[in-house]
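K.L.:
Next comes the structure file entry29.txt, holding compact mmCIF, C-alpha atoms and all ligand atoms.
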# COMPACT_ATOMS: atom_id res chain seq x y z
CA MET Y 1 -25.14 -21.69 -21.49
CA THR Y 2 -21.83 -19.79 -21.59
CA GLU Y 3 -19.80 -19.88 -18.41
CA GLN Y 4 -20.01 -16.69 -16.34
CA MET Y 5 -17.57 -14.68 -14.28
CA GLN Y 6 -18.14 -11.94 -11.72
CA ARG Y 7 -16.57 -8.55 -11.41
CA ILE Y 8 -17.01 -5.35 -9.46
CA VAL Y 9 -17.29 -2.19 -11.50
CA LEU Y 10 -17.15 1.50 -10.60
CA ALA Y 11 -20.84 2.43 -10.63
CA ARG Y 12 -20.20 6.16 -10.17
CA ARG Y 13 -17.44 8.46 -8.97
CA PRO Y 14 -17.39 8.96 -5.19
CA GLU Y 15 -17.75 12.32 -3.56
CA GLY Y 16 -15.41 12.22 -0.59
CA GLU Y 17 -15.50 8.87 1.18
CA PRO Y 18 -16.57 6.00 -1.11
CA VAL Y 19 -19.93 4.40 -0.27
CA ALA Y 20 -21.48 1.05 -1.29
CA GLU Y 21 -23.46 2.67 -4.14
CA ASP Y 22 -20.21 3.62 -5.88
CA PHE Y 23 -19.63 -0.08 -6.69
CA ARG Y 24 -21.69 -2.68 -8.56
CA LEU Y 25 -21.32 -6.46 -8.81
CA GLU Y 26 -21.85 -7.69 -12.37
CA GLU Y 27 -21.82 -10.96 -14.26
CA ALA Y 28 -20.10 -11.30 -17.62
CA ALA Y 29 -19.29 -14.10 -20.02
CA LEU Y 30 -16.06 -15.89 -19.16
CA PRO Y 31 -13.53 -14.80 -21.80
CA ASP Y 32 -11.80 -17.29 -24.09
CA PRO Y 33 -8.06 -16.66 -24.17
CA ALA Y 34 -6.77 -15.46 -27.56
CA ASP Y 35 -3.32 -16.46 -28.88
CA GLY Y 36 -0.68 -15.60 -26.27
CA GLU Y 37 -3.27 -15.11 -23.51
CA VAL Y 38 -3.90 -16.94 -20.27
CA LEU Y 39 -7.17 -17.35 -18.35
CA VAL Y 40 -6.77 -17.35 -14.56
CA LYS Y 41 -9.28 -18.23 -11.84
CA VAL Y 42 -8.55 -15.74 -9.07
CA HIS Y 43 -7.96 -17.09 -5.55
CA TYR Y 44 -6.99 -13.88 -3.74
CA MET Y 45 -7.07 -10.23 -4.73
CA SER Y 46 -5.35 -7.28 -3.17
CA LEU Y 47 -7.01 -4.11 -1.84
CA ASP Y 48 -4.66 -1.11 -1.82
CA PRO Y 49 -5.04 2.58 -0.95
CA TYR Y 50 -4.04 3.67 -4.51
CA MET Y 51 -7.38 2.31 -5.78
CA ARG Y 52 -9.13 5.27 -4.15
CA GLY Y 53 -7.26 7.59 -6.55
CA ARG Y 54 -8.31 5.52 -9.57
CA MET Y 55 -11.97 6.22 -8.69
CA ASP Y 56 -11.55 9.99 -9.25
CA ASP Y 57 -11.49 11.59 -12.66
CA ALA Y 58 -8.46 13.70 -11.78
CA LYS Y 59 -5.05 14.20 -13.35
CA SER Y 60 -2.65 11.78 -11.69
CA TYR Y 61 0.18 9.38 -12.50
CA ALA Y 62 -2.30 6.74 -13.73
CA THR Y 63 -5.49 6.72 -15.81
CA PRO Y 64 -8.70 6.62 -13.76
CA VAL Y 65 -11.04 3.62 -13.93
CA PRO Y 66 -13.88 4.63 -16.27
CA VAL Y 67 -17.40 4.61 -14.84
CA GLY Y 68 -18.71 1.11 -15.63
CA GLY Y 69 -15.17 -0.27 -15.81
CA THR Y 70 -13.82 -3.07 -13.63
CA MET Y 71 -12.07 -1.79 -10.50
CA GLU Y 72 -8.32 -2.11 -10.95
CA GLY Y 73 -6.18 -4.37 -8.80
CA GLY Y 74 -3.58 -7.08 -8.53
CA ALA Y 75 -4.57 -10.68 -7.81
CA VAL Y 76 -3.22 -14.21 -7.71
CA GLY Y 77 -4.82 -17.38 -8.98
CA GLU Y 78 -4.63 -20.62 -10.92
CA VAL Y 79 -4.33 -20.91 -14.68
CA VAL Y 80 -7.42 -22.66 -16.07
CA ALA Y 81 -6.74 -22.21 -19.82
CA SER Y 82 -3.68 -21.06 -21.71
CA LYS Y 83 -2.80 -20.17 -25.29
CA SER Y 84 0.81 -19.43 -24.36
CA ASP Y 85 3.74 -21.80 -24.03
CA ALA Y 86 4.79 -19.91 -20.90
CA PHE Y 87 1.81 -21.11 -18.80
CA ALA Y 88 -0.06 -24.38 -18.41
CA PRO Y 89 -3.30 -25.14 -16.55
CA GLY Y 90 -2.50 -25.65 -12.87
CA ASP Y 91 0.23 -22.99 -12.82
CA TYR Y 92 -0.17 -20.08 -10.39
CA ALA Y 93 0.22 -16.49 -11.50
CA PHE Y 94 0.04 -12.87 -10.35
CA GLY Y 95 -1.57 -10.33 -12.67
CA MET Y 96 -3.58 -7.12 -12.72
CA PHE Y 97 -6.87 -9.00 -13.10
CA GLY Y 98 -8.94 -6.34 -11.32
CA TRP Y 99 -11.74 -6.96 -8.82
CA ALA Y 100 -12.98 -10.09 -10.56
CA SER Y 101 -13.39 -13.83 -10.20
CA HIS Y 102 -11.32 -14.46 -13.36
CA GLY Y 103 -8.80 -12.60 -15.46
CA CYS Y 104 -7.60 -13.05 -19.02
CA LEU Y 105 -4.30 -11.36 -19.89
CA PRO Y 106 -1.34 -11.77 -22.24
CA ALA Y 107 1.23 -14.15 -20.72
CA ARG Y 108 3.88 -11.41 -20.80
CA GLU Y 109 1.85 -9.39 -18.28
CA LEU Y 110 1.78 -12.24 -15.74
CA ARG Y 111 4.30 -13.37 -13.18
CA LYS Y 112 4.53 -17.09 -12.46
CA LEU Y 113 4.39 -18.01 -8.77
CA ASP Y 114 5.81 -21.07 -7.10
CA PRO Y 115 3.50 -22.06 -4.20
CA ALA Y 116 6.49 -23.87 -2.66
CA HIS Y 117 8.01 -20.42 -2.02
CA GLY Y 118 5.34 -19.44 0.50
CA PRO Y 119 1.63 -18.69 0.60
CA LEU Y 120 0.07 -17.20 -2.54
CA THR Y 121 -1.08 -14.17 -0.56
CA ALA Y 122 2.53 -13.11 0.08
CA ALA Y 123 2.71 -12.05 -3.58
CA LEU Y 124 0.08 -9.39 -2.81
CA GLY Y 125 1.64 -7.99 0.36
CA VAL Y 126 4.96 -8.65 2.00
CA LEU Y 127 6.62 -9.95 -1.20
CA GLY Y 128 4.42 -8.03 -3.60
CA MET Y 129 4.03 -4.40 -4.60
CA PRO Y 130 3.55 -2.98 -1.05
CA GLY Y 131 6.52 -4.80 0.51
CA PHE Y 132 8.65 -3.80 -2.45
CA THR Y 133 7.49 -0.19 -1.99
CA GLY Y 134 8.67 -0.17 1.62
CA TRP Y 135 12.04 -1.74 0.77
CA PHE Y 136 12.68 0.56 -2.18
CA GLY Y 137 11.55 3.82 -0.58
CA LEU Y 138 13.47 3.18 2.63
CA ASN Y 139 16.76 2.21 0.99
CA GLU Y 140 16.70 4.53 -2.02
CA TYR Y 141 15.44 7.73 -0.41
CA GLY Y 142 15.47 7.07 3.35
CA LYS Y 143 19.13 6.03 3.32
CA PRO Y 144 18.98 4.54 6.82
CA LYS Y 145 22.02 4.59 9.08
CA ASN Y 146 22.69 2.73 12.30
CA GLY Y 147 21.70 4.80 15.36
CA GLU Y 148 19.25 7.08 13.54
CA THR Y 149 15.55 7.47 14.33
CA LEU Y 150 12.77 6.63 11.85
CA VAL Y 151 9.05 7.34 12.10
CA VAL Y 152 6.48 5.59 9.93
CA ALA Y 153 2.66 5.69 10.12
CA ALA Y 154 0.21 3.05 8.86
CA ALA Y 155 2.83 1.05 10.75
CA THR Y 156 1.10 -2.33 10.66
CA GLY Y 157 0.17 -2.25 6.97
CA PRO Y 158 2.34 -4.01 4.38
CA VAL Y 159 4.35 -0.87 3.53
CA GLY Y 160 4.85 0.44 7.07
CA SER Y 161 5.63 -2.93 8.63
CA MET Y 162 8.27 -3.62 5.95
CA VAL Y 163 9.86 -0.19 6.46
CA GLY Y 164 9.93 -0.56 10.24
CA GLN Y 165 11.29 -4.09 10.28
CA LEU Y 166 14.04 -3.37 7.75
CA ALA Y 167 15.05 -0.19 9.58
CA LYS Y 168 15.10 -2.00 12.92
CA ALA Y 169 17.38 -4.69 11.45
CA GLN Y 170 19.76 -1.90 10.39
CA GLY Y 171 20.05 -0.57 13.93
CA LEU Y 172 17.66 2.39 13.84
CA ARG Y 173 15.26 3.47 16.56
CA VAL Y 174 11.88 2.80 14.96
CA VAL Y 175 8.73 4.59 16.07
CA GLY Y 176 5.43 3.63 14.48
CA VAL Y 177 2.10 5.43 14.35
CA ALA Y 178 -1.00 3.24 14.02
CA GLY Y 179 -4.75 3.39 14.52
CA SER Y 180 -5.47 1.34 17.66
CA PRO Y 181 -3.86 -0.13 20.79
CA GLU Y 182 -4.05 -3.59 19.13
CA LYS Y 183 -2.19 -2.31 16.06
CA CYS Y 184 0.42 -0.67 18.28
CA ALA Y 185 0.88 -3.94 20.18
CA LEU Y 186 1.45 -5.70 16.84
CA ALA Y 187 4.02 -3.07 15.82
CA THR Y 188 6.02 -3.32 19.05
CA GLY Y 189 5.45 -7.09 19.33
CA ARG Y 190 5.79 -9.14 16.17
CA PHE Y 191 7.28 -6.29 14.11
CA GLY Y 192 9.80 -5.27 16.79
CA PHE Y 193 9.27 -1.47 16.71
CA ASP Y 194 10.73 0.42 19.68
CA ALA Y 195 7.53 2.39 20.25
CA CYS Y 196 4.16 3.00 18.60
CA LEU Y 197 1.66 5.82 19.05
CA ASP Y 198 -2.10 5.47 18.50
CA HIS Y 199 -2.92 8.55 16.39
CA HIS Y 200 -6.55 8.52 17.58
CA ALA Y 201 -5.29 9.49 21.04
CA TYR Y 202 -4.07 12.88 19.76
CA ALA Y 203 -6.42 15.63 18.65
CA ASP Y 204 -4.10 17.51 16.31
CA GLY Y 205 -0.56 18.00 15.04
CA LYS Y 206 0.46 19.78 18.24
CA GLU Y 207 -0.52 16.87 20.47
CA MET Y 208 1.04 14.44 18.01
CA ARG Y 209 4.26 16.45 18.15
CA ALA Y 210 4.44 16.28 21.96
CA ALA Y 211 3.98 12.50 21.93
CA LEU Y 212 6.49 12.04 19.09
CA ALA Y 213 9.03 14.26 20.87
CA GLU Y 214 8.88 11.94 23.87
CA ALA Y 215 9.21 8.83 21.70
CA CYS Y 216 12.07 10.33 19.65
CA PRO Y 217 14.46 11.94 22.17
CA ASP Y 218 17.18 12.41 19.52
CA GLY Y 219 14.84 13.93 16.94
CA ILE Y 220 13.75 12.27 13.67
CA ASP Y 221 16.16 11.46 10.84
CA ILE Y 222 13.77 9.65 8.51
CA TYR Y 223 10.04 10.20 8.21
CA PHE Y 224 8.64 7.60 5.83
CA GLU Y 225 5.51 9.45 4.70
CA ASN Y 226 2.40 7.27 4.32
CA VAL Y 227 -0.40 9.41 5.71
CA GLY Y 228 0.09 13.20 5.78
CA GLY Y 229 -2.34 15.01 8.11
CA LYS Y 230 -1.61 15.50 11.79
CA VAL Y 231 1.21 12.93 11.79
CA LEU Y 232 3.13 14.99 9.23
CA GLU Y 233 2.38 18.14 11.20
CA GLY Y 234 3.69 16.54 14.36
CA VAL Y 235 6.83 15.19 12.71
CA LEU Y 236 7.96 18.33 10.84
CA PRO Y 237 9.29 20.37 13.80
CA LEU Y 238 11.20 17.32 15.09
CA LEU Y 239 13.18 16.57 11.95
CA ASN Y 240 16.95 16.72 12.30
CA VAL Y 241 19.21 18.62 9.91
CA GLY Y 242 19.77 16.48 6.81
CA GLY Y 243 16.59 14.49 7.48
CA ARG Y 244 15.01 12.44 4.71
CA ILE Y 245 11.34 12.08 3.79
CA PRO Y 246 10.51 9.40 1.23
CA VAL Y 247 7.02 10.59 0.19
CA CYS Y 248 5.15 7.34 -0.43
CA GLY Y 249 1.51 8.20 0.30
CA MET Y 250 -0.83 10.56 2.13
CA ILE Y 251 -3.87 8.44 2.85
CA SER Y 252 -5.44 10.87 5.33
CA TRP Y 253 -6.08 13.21 2.38
CA TYR Y 254 -7.15 10.69 -0.32
CA ASN Y 255 -10.85 11.34 0.08
CA ALA Y 256 -10.27 15.05 -0.50
CA GLY Y 257 -9.48 14.33 -4.17
CA ALA Y 258 -6.51 15.52 -6.20
CA LEU Y 259 -6.34 18.81 -4.29
CA GLY Y 260 -6.16 16.97 -1.00
CA ALA Y 261 -3.46 19.31 0.27
CA ASP Y 262 -6.20 21.86 0.90
CA ALA Y 263 -7.96 19.48 3.29
CA GLY Y 264 -8.24 20.09 7.00
CA GLY Y 265 -6.50 23.47 7.09
CA ALA Y 266 -3.31 21.91 5.67
CA LYS Y 267 -2.91 24.78 3.20
CA ASP Y 268 -2.17 27.17 6.08
CA ASN Y 269 0.94 25.14 6.87
CA LEU Y 270 2.63 25.66 3.51
CA PRO Y 271 5.06 28.40 4.66
CA LYS Y 272 6.00 26.34 7.73
CA LEU Y 273 6.62 23.27 5.56
CA TRP Y 274 8.75 25.11 3.01
CA ARG Y 275 10.77 26.81 5.71
CA THR Y 276 11.43 23.51 7.52
CA ILE Y 277 12.70 21.95 4.29
CA LEU Y 278 15.07 24.89 3.78
CA VAL Y 279 16.33 25.40 7.32
CA ASN Y 280 16.84 21.70 8.03
CA ARG Y 281 18.22 20.95 4.54
CA LEU Y 282 15.72 18.11 4.18
CA HIS Y 283 15.72 15.61 1.33
CA VAL Y 284 12.09 15.15 0.31
CA HIS Y 285 11.58 12.61 -2.45
CA GLY Y 286 8.27 11.50 -3.92
CA PHE Y 287 8.18 8.18 -5.74
CA ILE Y 288 5.75 5.90 -7.55
CA ILE Y 289 6.80 2.29 -7.27
CA ALA Y 290 5.59 1.41 -10.79
CA ASP Y 291 8.62 3.35 -12.10
CA HIS Y 292 11.06 1.06 -10.32
CA PHE Y 293 10.09 -2.54 -11.05
CA ASP Y 294 13.53 -3.18 -12.56
CA ARG Y 295 14.66 -3.46 -8.91
CA TYR Y 296 11.98 -6.03 -8.02
CA PRO Y 297 14.21 -9.14 -8.53
CA GLU Y 298 16.80 -7.59 -6.19
CA PHE Y 299 14.09 -7.04 -3.57
CA LEU Y 300 12.82 -10.62 -3.90
CA SER Y 301 16.25 -12.17 -3.56
CA GLU Y 302 17.08 -10.02 -0.52
CA VAL Y 303 13.76 -10.06 1.33
CA GLY Y 304 12.30 -13.44 0.20
CA PRO Y 305 14.63 -15.47 2.45
CA LYS Y 306 13.95 -13.12 5.40
CA VAL Y 307 10.22 -13.74 5.05
CA ALA Y 308 10.78 -17.50 4.68
CA SER Y 309 12.91 -17.57 7.85
CA GLY Y 310 10.43 -15.48 9.83
CA GLU Y 311 12.92 -12.63 10.27
CA ILE Y 312 10.32 -10.41 8.61
CA GLY Y 313 6.88 -10.93 10.14
CA ILE Y 314 3.58 -10.81 8.26
CA GLN Y 315 0.04 -9.83 9.21
CA GLU Y 316 -2.80 -10.33 6.74
CA ASP Y 317 -6.50 -9.49 6.98
CA ILE Y 318 -8.51 -11.70 4.63
CA ALA Y 319 -12.10 -10.83 3.74
CA GLU Y 320 -14.26 -13.55 2.17
CA GLY Y 321 -15.98 -13.21 -1.20
CA LEU Y 322 -15.78 -10.79 -4.11
CA GLU Y 323 -19.12 -9.26 -3.10
CA ASN Y 324 -17.53 -8.12 0.16
CA ALA Y 325 -14.59 -6.36 -1.52
CA PRO Y 326 -16.17 -2.86 -1.48
CA GLU Y 327 -16.90 -3.11 2.25
CA ALA Y 328 -13.34 -4.31 2.97
CA PHE Y 329 -11.92 -1.54 0.77
CA MET Y 330 -13.94 1.21 2.46
CA GLY Y 331 -12.89 -0.24 5.83
CA MET Y 332 -9.20 -0.20 4.86
CA LEU Y 333 -9.37 3.49 3.97
CA LYS Y 334 -10.60 4.08 7.53
CA GLY Y 335 -8.03 1.80 9.14
CA ARG Y 336 -10.35 -1.12 9.90
CA ASN Y 337 -7.89 -3.59 8.32
CA PHE Y 338 -5.53 -5.42 10.65
CA GLY Y 339 -2.55 -5.93 8.34
CA LYS Y 340 -2.45 -6.38 4.57
CA GLN Y 341 -6.04 -6.32 3.24
CA ILE Y 342 -6.77 -9.22 0.91
CA VAL Y 343 -10.02 -10.70 -0.42
CA LYS Y 344 -10.40 -14.46 -0.83
CA ILE Y 345 -12.32 -15.16 -4.03
CA ALA Y 346 -12.06 -18.90 -4.71
P1 LIG Y 401 -2.37 -0.11 4.80
O1 LIG Y 401 -2.63 -1.56 4.65
O2 LIG Y 401 -1.51 0.33 5.91
O3 LIG Y 401 -3.80 0.56 4.88
C1 LIG Y 401 -3.97 1.91 4.98
C2 LIG Y 401 -3.82 2.37 6.44
O4 LIG Y 401 -3.73 3.79 6.46
C3 LIG Y 401 -5.03 2.10 7.32
O5 LIG Y 401 -5.06 0.77 7.81
C4 LIG Y 401 -4.81 3.09 8.44
O6 LIG Y 401 -3.93 2.53 9.39
C5 LIG Y 401 -4.04 4.22 7.75
N1 LIG Y 401 -4.86 5.43 7.72
C6 LIG Y 401 -6.02 5.62 7.08
N2 LIG Y 401 -6.48 6.86 7.31
C7 LIG Y 401 -5.56 7.47 8.10
C8 LIG Y 401 -5.46 8.75 8.67
N3 LIG Y 401 -6.41 9.68 8.47
N4 LIG Y 401 -4.38 9.03 9.44
C9 LIG Y 401 -3.43 8.12 9.67
N5 LIG Y 401 -3.47 6.87 9.14
C10 LIG Y 401 -4.53 6.56 8.36
O7 LIG Y 401 -1.79 0.49 3.44
P2 LIG Y 401 -0.46 0.17 2.62
O8 LIG Y 401 0.61 -0.34 3.52
O9 LIG Y 401 -0.81 -0.63 1.44
O10 LIG Y 401 -0.05 1.63 2.09
C11 LIG Y 401 0.51 2.60 2.96
C12 LIG Y 401 0.74 3.90 2.19
O11 LIG Y 401 1.65 3.66 1.12
C13 LIG Y 401 -0.52 4.48 1.55
O12 LIG Y 401 -0.48 5.87 1.66
C14 LIG Y 401 -0.38 4.08 0.09
O13 LIG Y 401 -1.09 4.92 -0.77
C15 LIG Y 401 1.12 4.20 -0.08
N6 LIG Y 401 1.67 3.46 -1.22
C16 LIG Y 401 2.39 4.16 -2.13
C17 LIG Y 401 2.99 3.55 -3.20
C18 LIG Y 401 3.82 4.36 -4.14
O14 LIG Y 401 4.14 3.88 -5.23
N7 LIG Y 401 4.20 5.57 -3.80
C19 LIG Y 401 2.81 2.11 -3.43
C20 LIG Y 401 2.07 1.43 -2.38
C21 LIG Y 401 1.51 2.11 -1.32
P3 LIG Y 401 -4.03 2.92 10.95
O15 LIG Y 401 -5.34 2.40 11.42
O16 LIG Y 401 -2.86 2.24 11.53
O17 LIG Y 401 -3.94 4.40 11.03
Take the structure I supplied and represent it as C-alpha cells, if you would.
P.N.:
Amino acid sequence: MTEQMQRIVLARRPEGEPVAEDFRLEEAALPDPADGEVLVKVHYMSLDPYMRGRMDDAKSYATPVPVGGTMEGGAVGEVVASKSDAFAPGDYAFGMFGWASHGCLPARELRKLDPAHGPLTAALGVLGMPGFTGWFGLNEYGKPKNGETLVVAAATGPVGSMVGQLAKAQGLRVVGVAGSPEKCALATGRFGFDACLDHHAYADGKEMRAALAEACPDGIDIYFENVGGKVLEGVLPLLNVGGRIPVCGMISWYNAGALGADAGGAKDNLPKLWRTILVNRLHVHGFIIADHFDRYPEFLSEVGPKVASGEIGIQEDIAEGLENAPEAFMGMLKGRNFGKQIVKIA
C-alpha cells in the first residue's frame, strides 16, 4: 500500500466568518520527490490572518486558494527524502507546505533551519514572517523616534508584540490594544508596553478615542495598523502632525470580503479620514511583506540575538493535530489565540 499523507483543503468559499464546513480533511498519496525536490514531514504549521483572504475569490495581491485546493501556509519540519544536494534526511526546513502533514517542494523554495538557533516554532512567529513584518513596517514606515508615542492593536500577536517591544527599546511610549485583560497583562508584563486597552470594553470608536486619549497624553505619532474598525476610528483624531501609519492589516474587516471598508458603517468615515490625512500631513503607507524579503537576513541578524537573549519575549499558542487546524484558525480570527497561533502536526 502506498504511504499516505493528510491535508486540509478549502471545501467551499466562506460567506462572512469561516465555518467548519468550509474545510475538509483529505488523504492523499505521499509524493515522491522529483530531481531537485525535497520531501518534508511537517512538525509545526503556522496559522496567519492572511489565510482568510486566500479563501475568497477576490482580486488581491495573491491568488486565492482554489476550491478543493490545499489551504496555503508556512510550516517547519524534518527532511525525510531529498533529491537535492542542498538537503539531507534529518535536516530541518521552513517552506510553504500548506495545511498538510507533509510537503514536497524544490530545494530552492526551502530555508534550512538550525535547531541549535532556537525552537523550530520561532521560524513561524517571532523570527519568521510575522516578526519580520513588525520589524520592517515599524522601521521602514513608522520611523520611530525616542520620546514619541506608538499605538498598536493585536498587541500580543507576533506582529504587534514585535512592534511594541522594538518601539519600547527605542524609547517610545507604547500603548497596546488587545482582546482581553489577560492579553493586556501579557502586553504590559512580558512585552513591557506602557499601557494596554481591552477593546471589548469600548462600544465604539468614540469610547475607544476617550480611553486612548487618556493613555496617550501627548497624542499619537505612530499608529501601526493591524485591525481597522473602532481602534482606527479612535486613533485618527489623536494623531499628531507628521504622524505615520504603516498599514499592515485590518483584521476586523477581513470577514467582510474585499470590500471590507464598507463594513460596519466605515464608509461614512471616508471624508473624516481623508481630511485627517491632509490636515495632519500624515504618512500612510501600505505594505505587503512578501515584497521585502531581501531585508530578511538583516532582520534575522538584528533580532535573532535579541530573541536568544530574552530581550524580545515570545508567546505561542500551540494547537494539537492537523484536524484541529480549522478550529484554531477560526478562533484566531476572533482573537481566541493567546500569542502566535501554531499547530503541532508531528
Ligand atoms: P495575531 O496573532 O495577532 O491574530 C490576530 C489577532 O487580531 C487576534 O488574536 C485578535 O487579537 C485581533 N483581532 C481579531 N479581530 C479583531 C477585531 N475585530 N478588532 C480588533 N482586533 C481583532 O495576528 P498577526 O500578529 O499574525 O497579524 C496581525 C496583523 O498583521 C493582521 O492584520 C495581519 O493580517 C497583518 N499582517 C500583515 C502582513 C503584511 O504583509 N502586510 C504580514 C503579516 C501580518 P485581540 O484578541 O488582541 O484583539
K.L.:
So how many Å separate CA of Asp56 (chain Y) and CA of Val126 (chain Y), to one decimal?
P.N.:
27.3 Å
K.L.:
Which residues are close to Lys143 (chain Y), i.e. within 10 Å by only C-alpha atoms, leaving aside same-chain residues fewer than 2 positions away? Reply as a PyMOL selection string.
P.N.:
chain Y and resi 137-141+145+167+221-222+243-246
K.L.:
Would you please work out which residue, of Y:Ile312, Y:Ala153, Y:Ala195, Y:Ile342, is nearest to ligand LIG 401 (chain Y) when using all atoms listed in the file?
P.N.:
Y:Ala153
K.L.:
Suppose you want the space between CA of Ile220 (chain Y) and CA of Thr149 (chain Y); what is it in Å?
P.N.:
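The value is 5.2 Å.
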K.L.:
What does the distance from atom C13 of ligand LIG 401 (chain Y) to CA of Lys41 (chain Y) come to in Å, to one decimal?
P.N.:
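For atom C13 of ligand LIG 401 (chain Y) relative to CA of Lys41 (chain Y), the distance reads 27.8 Å.
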K.L.:
Using only C-alpha atoms, pick whichever of Y:Val235, Y:Val67, Y:Ala20, Y:Ala86 has the shortest atom-to-atom distance to Arg54 (chain Y).
P.N.:
Y:Val67
K.L.:
Dump as a PyMOL selection string all residues having an atom at most 9 Å from (15.9, 6.0, 13.3), computed in the file's coordinates with all atoms listed in the file.
P.N.:
chain Y and resi 144-151+167-168+171-175+216+219-223
K.L.:
With all atoms listed in the file as the atoms that count, which of Y:Pro49, Y:Gly331, Y:Gly118, Y:Gly242 lies nearest to ligand LIG 401 (chain Y)?
P.N.:
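Once distances to ligand LIG 401 (chain Y) are computed over all atoms listed in the file, the minimum belongs to Y:Pro49.
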K.L.:
For Ala308 (chain Y), which residue out of Y:Arg12, Y:His117, Y:His283, Y:Lys183 is the nearest one, using only C-alpha atoms?
P.N.:
Y:His117
K.L.:
Using all atoms listed in the file, can you tell me which of Y:Leu322, Y:Ile8, Y:Ala154, Y:Met45 comes closest to Phe338 (chain Y)?
P.N.:
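Looking only at the distances to Phe338 (chain Y), the closest residue turns out to be Y:Ala154.
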